[in-house]
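Chemist: Structure incoming, see below.
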Amino acid sequence: MRRLLVGGYRFSWFHIAAALLGGVVLLFIVAPILGMIISTPAKSLIETAAEQEVVRSIWLSVWVAMAATLVFALFCIPLAYLLARFDFPFKRLVLGIIDLPIVIPHSAAGIAVLGLIARDGLLGRLTSPLGIELVGSPAGIAIAMAFVSVPFLINAAREGFALVPERLEKAALSLGASPITIFFTVALPLAWRSVVSGLVMMFARGMSEFGAVVIVAYHPMVAPVLIFERFGAFGLKYAKPVAVLFIGVSLTVFIIMRLLSRNRSNHA
């Protein structure tokens with residue numbers, strides 16, 4: 001097979017064809033976003049960025065997604081560790097349940113969450129007597145975001161824990177370390193890269209969620225709901241600047257978190 005020598009590496013024609021086909025996919029992803037950004041006048045972006053409604057909706061999306069990620073991480077990470085380390089009856093069923101939010105339509109997910117947090121729902125019955133209304137609140141939005149995004153954290157963390165050599169944990173156990181000490185001093189530091197990657201993906205997925213959130217809380221509006229509302233009421237011209245701003249904020253936050261996770265992983 002004839003190979004091309006490029007920069008010290010040998011590439012076959014198959015590799016070149018694969019690269020070209022991959023380039024088409026990358027263009028398919030980037031072209032719509034670049035087209036939207038290029039076609040949006042800078043003046044409209046500046047004017048939209050100055051609107052308090054837009055600022056509030058973007059900020060709401062960011063901080064609620066962050067809060068949902070941090071709170072549910074307390075439950076997801078230990079579960080991921082158990083799934084990586086132990087075999088137990090119905091484990092495959094548990095894994096299937098975890099992936100369920102990815103499979104079902106997000107509008108159906110929103111209806112399911114609404115049934116849970118409404119006043120006559122399982123969770124709503126507990127919070128309503130306390131004066132806590134989840135429907136139409138940031139807490140309800142956080143639950144909807146978490147519902148569709150927890151699989152990303154659990155699966156990424158589970159894969160990371162699975163790569164940690166069990167012999168290191170057994171050695172620590174033989175030296176008298178407790179299971180919780182082993183988790184925090186051996187397993188978690190070694191799987192940190194995958195855990196942080198899962199946290200980033202959960203945050204990003206939650207921040208961009210529309211289908212489940214719009215059913216649980218149309219108001220207060222997160223950015224995806226505001227984009228939809230402006231598109232339906234005023235058309236593409238008024239929805240596009242909000243979309244461009246939110247994409248910019250999302251990419252900025254995502255890149256920052258990726259950089260921080262990489263630095264933290266290298267340090268660990």
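We name chains A, B, ... following the order of the structure tokens; residues begin at 1 in each chain, and ligands are numbered from 1 as shown.
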Quick one: everything within 8 Å of Cys76 in chain A, counting only C-alpha atoms, minus sequence neighbours fewer than 4 positions away in the same chain. Send it as a count of residues only.
Modeler: 5
Chemist: I'd like the neighbourhood of Pro165 in chain A as a PyMOL selection string, where a residue qualifies if any of its atoms comes within 12 Å (using only C-alpha atoms), though same-chain residues fewer than 2 positions away should be ignored.
Modeler: chain A and resi 84-85+160-163+167-172+186-187+190-191
Chemist: In terms of the shortest atom-to-atom distance over only C-alpha atoms, which of A:Leu259, A:Ile180, A:Pro138, A:Arg205 is closest to Trp63 in chain A?
Modeler: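 Among A:Leu259, A:Ile180, A:Pro138, A:Arg205, it is A:Pro138 that comes nearest to Trp63 in chain A.
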Chemist: Choose the residue, out of A:Ala109, A:Leu173, A:Ile117, A:Leu130, that has the smallest atom-to-atom separation from Val148 in chain A; count only C-alpha atoms.
Modeler: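 Distance minimum relative to Val148 in chain A lands on A:Ala109.
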Chemist: Would you kindly return, as a JSON list (two decimals) with N, CA and C atoms, in the first residue's frame, each protein, DNA or RNA residue with an atom no farther than 9 Å from any atom of range 56-60 of chain A, considering only C-alpha atoms and excluding same-chain residues fewer than 5 positions away?
Modeler:
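The resulting file, part_39.json, is shown below:
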```json
[["chain", "number", "residue", "atom", "x", "y", "z"],
["A", 51, "GLU", "N", -29.96, 44.44, 26.89],
["A", 51, "GLU", "CA", -31.31, 44.21, 27.41],
["A", 51, "GLU", "C", -31.25, 43.39, 28.70],
["A", 65, "ALA", "N", -27.78, 25.76, 35.98],
["A", 65, "ALA", "CA", -27.10, 24.56, 35.49],
["A", 65, "ALA", "C", -25.91, 24.20, 36.37],
["A", 138, "PRO", "N", -36.57, 28.44, 39.90],
["A", 138, "PRO", "CA", -35.22, 27.95, 39.55],
["A", 138, "PRO", "C", -34.96, 26.53, 40.02],
["A", 220, "PRO", "N", -39.52, 31.72, 35.32],
["A", 220, "PRO", "CA", -38.59, 32.63, 34.66],
["A", 220, "PRO", "C", -37.92, 31.97, 33.46],
["A", 221, "MET", "N", -37.62, 32.76, 32.44],
["A", 221, "MET", "CA", -37.11, 32.23, 31.19],
["A", 221, "MET", "C", -35.60, 32.00, 31.23],
["A", 222, "VAL", "N", -35.21, 30.78, 30.94],
["A", 222, "VAL", "CA", -33.79, 30.53, 30.67],
["A", 222, "VAL", "C", -33.54, 30.94, 29.22],
["A", 223, "ALA", "N", -32.28, 31.01, 28.83],
["A", 223, "ALA", "CA", -31.94, 31.52, 27.50],
["A", 223, "ALA", "C", -32.57, 30.71, 26.36],
["A", 224, "PRO", "N", -32.53, 29.37, 26.39],
["A", 224, "PRO", "CA", -33.17, 28.63, 25.28],
["A", 224, "PRO", "C", -34.66, 28.94, 25.14],
["A", 225, "VAL", "N", -35.35, 29.11, 26.26],
["A", 225, "VAL", "CA", -36.78, 29.44, 26.20],
["A", 225, "VAL", "C", -36.99, 30.85, 25.66],
["A", 226, "LEU", "N", -36.12, 31.78, 26.05],
["A", 226, "LEU", "CA", -36.23, 33.15, 25.54],
["A", 226, "LEU", "C", -36.00, 33.18, 24.04],
["A", 245, "LEU", "N", -25.52, 35.37, 21.17],
["A", 245, "LEU", "CA", -24.96, 35.72, 22.48],
["A", 245, "LEU", "C", -24.89, 34.50, 23.39],
["A", 246, "PHE", "N", -25.95, 33.71, 23.39],
["A", 246, "PHE", "CA", -25.97, 32.54, 24.28],
["A", 246, "PHE", "C", -24.95, 31.51, 23.83],
["A", 249, "VAL", "N", -21.59, 32.80, 25.07],
["A", 249, "VAL", "CA", -21.43, 32.58, 26.51],
["A", 249, "VAL", "C", -21.22, 31.10, 26.80]]
```
Chemist: Which of these residues is nearest to Asp99 in chain A, using only C-alpha atoms: A:Thr185, A:Pro241, A:Ser149, A:Ser39?
Modeler: A:Ser149
Chemist: Distance CA of Ala108 in chain A-CA of Ile215 in chain A, one decimal place?
Modeler: 9.3 Å
Chemist: Give me the residues near Val135 in chain A as number ranges by chain, where near means some atom within 7 Å (using only C-alpha atoms) and where sequence neighbours in that chain fewer than 3 positions away do not count.
Modeler: A: 117-118, 140, 216-217
Chemist: Using N, CA and C atoms, can you export the residues from the last selection as a compact mmCIF listing (two decimals), in the first residue's frame?
Modeler:
```
# COMPACT_ATOMS: atom_id res chain seq x y z
N ILE A 117 -42.88 17.13 40.33
CA ILE A 117 -42.72 18.30 41.18
C ILE A 117 -43.99 19.13 41.32
N ALA A 118 -45.06 18.76 40.60
CA ALA A 118 -46.32 19.49 40.77
C ALA A 118 -46.87 19.28 42.18
N GLY A 140 -37.17 24.08 40.17
CA GLY A 140 -37.79 23.20 39.18
C GLY A 140 -36.99 23.13 37.90
N VAL A 216 -41.66 22.66 32.46
CA VAL A 216 -41.61 22.83 33.92
C VAL A 216 -41.70 24.30 34.31
N ALA A 217 -41.05 25.17 33.53
CA ALA A 217 -41.01 26.59 33.89
C ALA A 217 -40.83 27.43 32.65
```
Chemist: Mind giving me the straight-line distance from CA of Ala112 in chain A to CA of Ala157 in chain A in Å, one decimal?
Modeler: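 Result for CA of Ala112 in chain A versus CA of Ala157 in chain A: 25.7 Å, one decimal.
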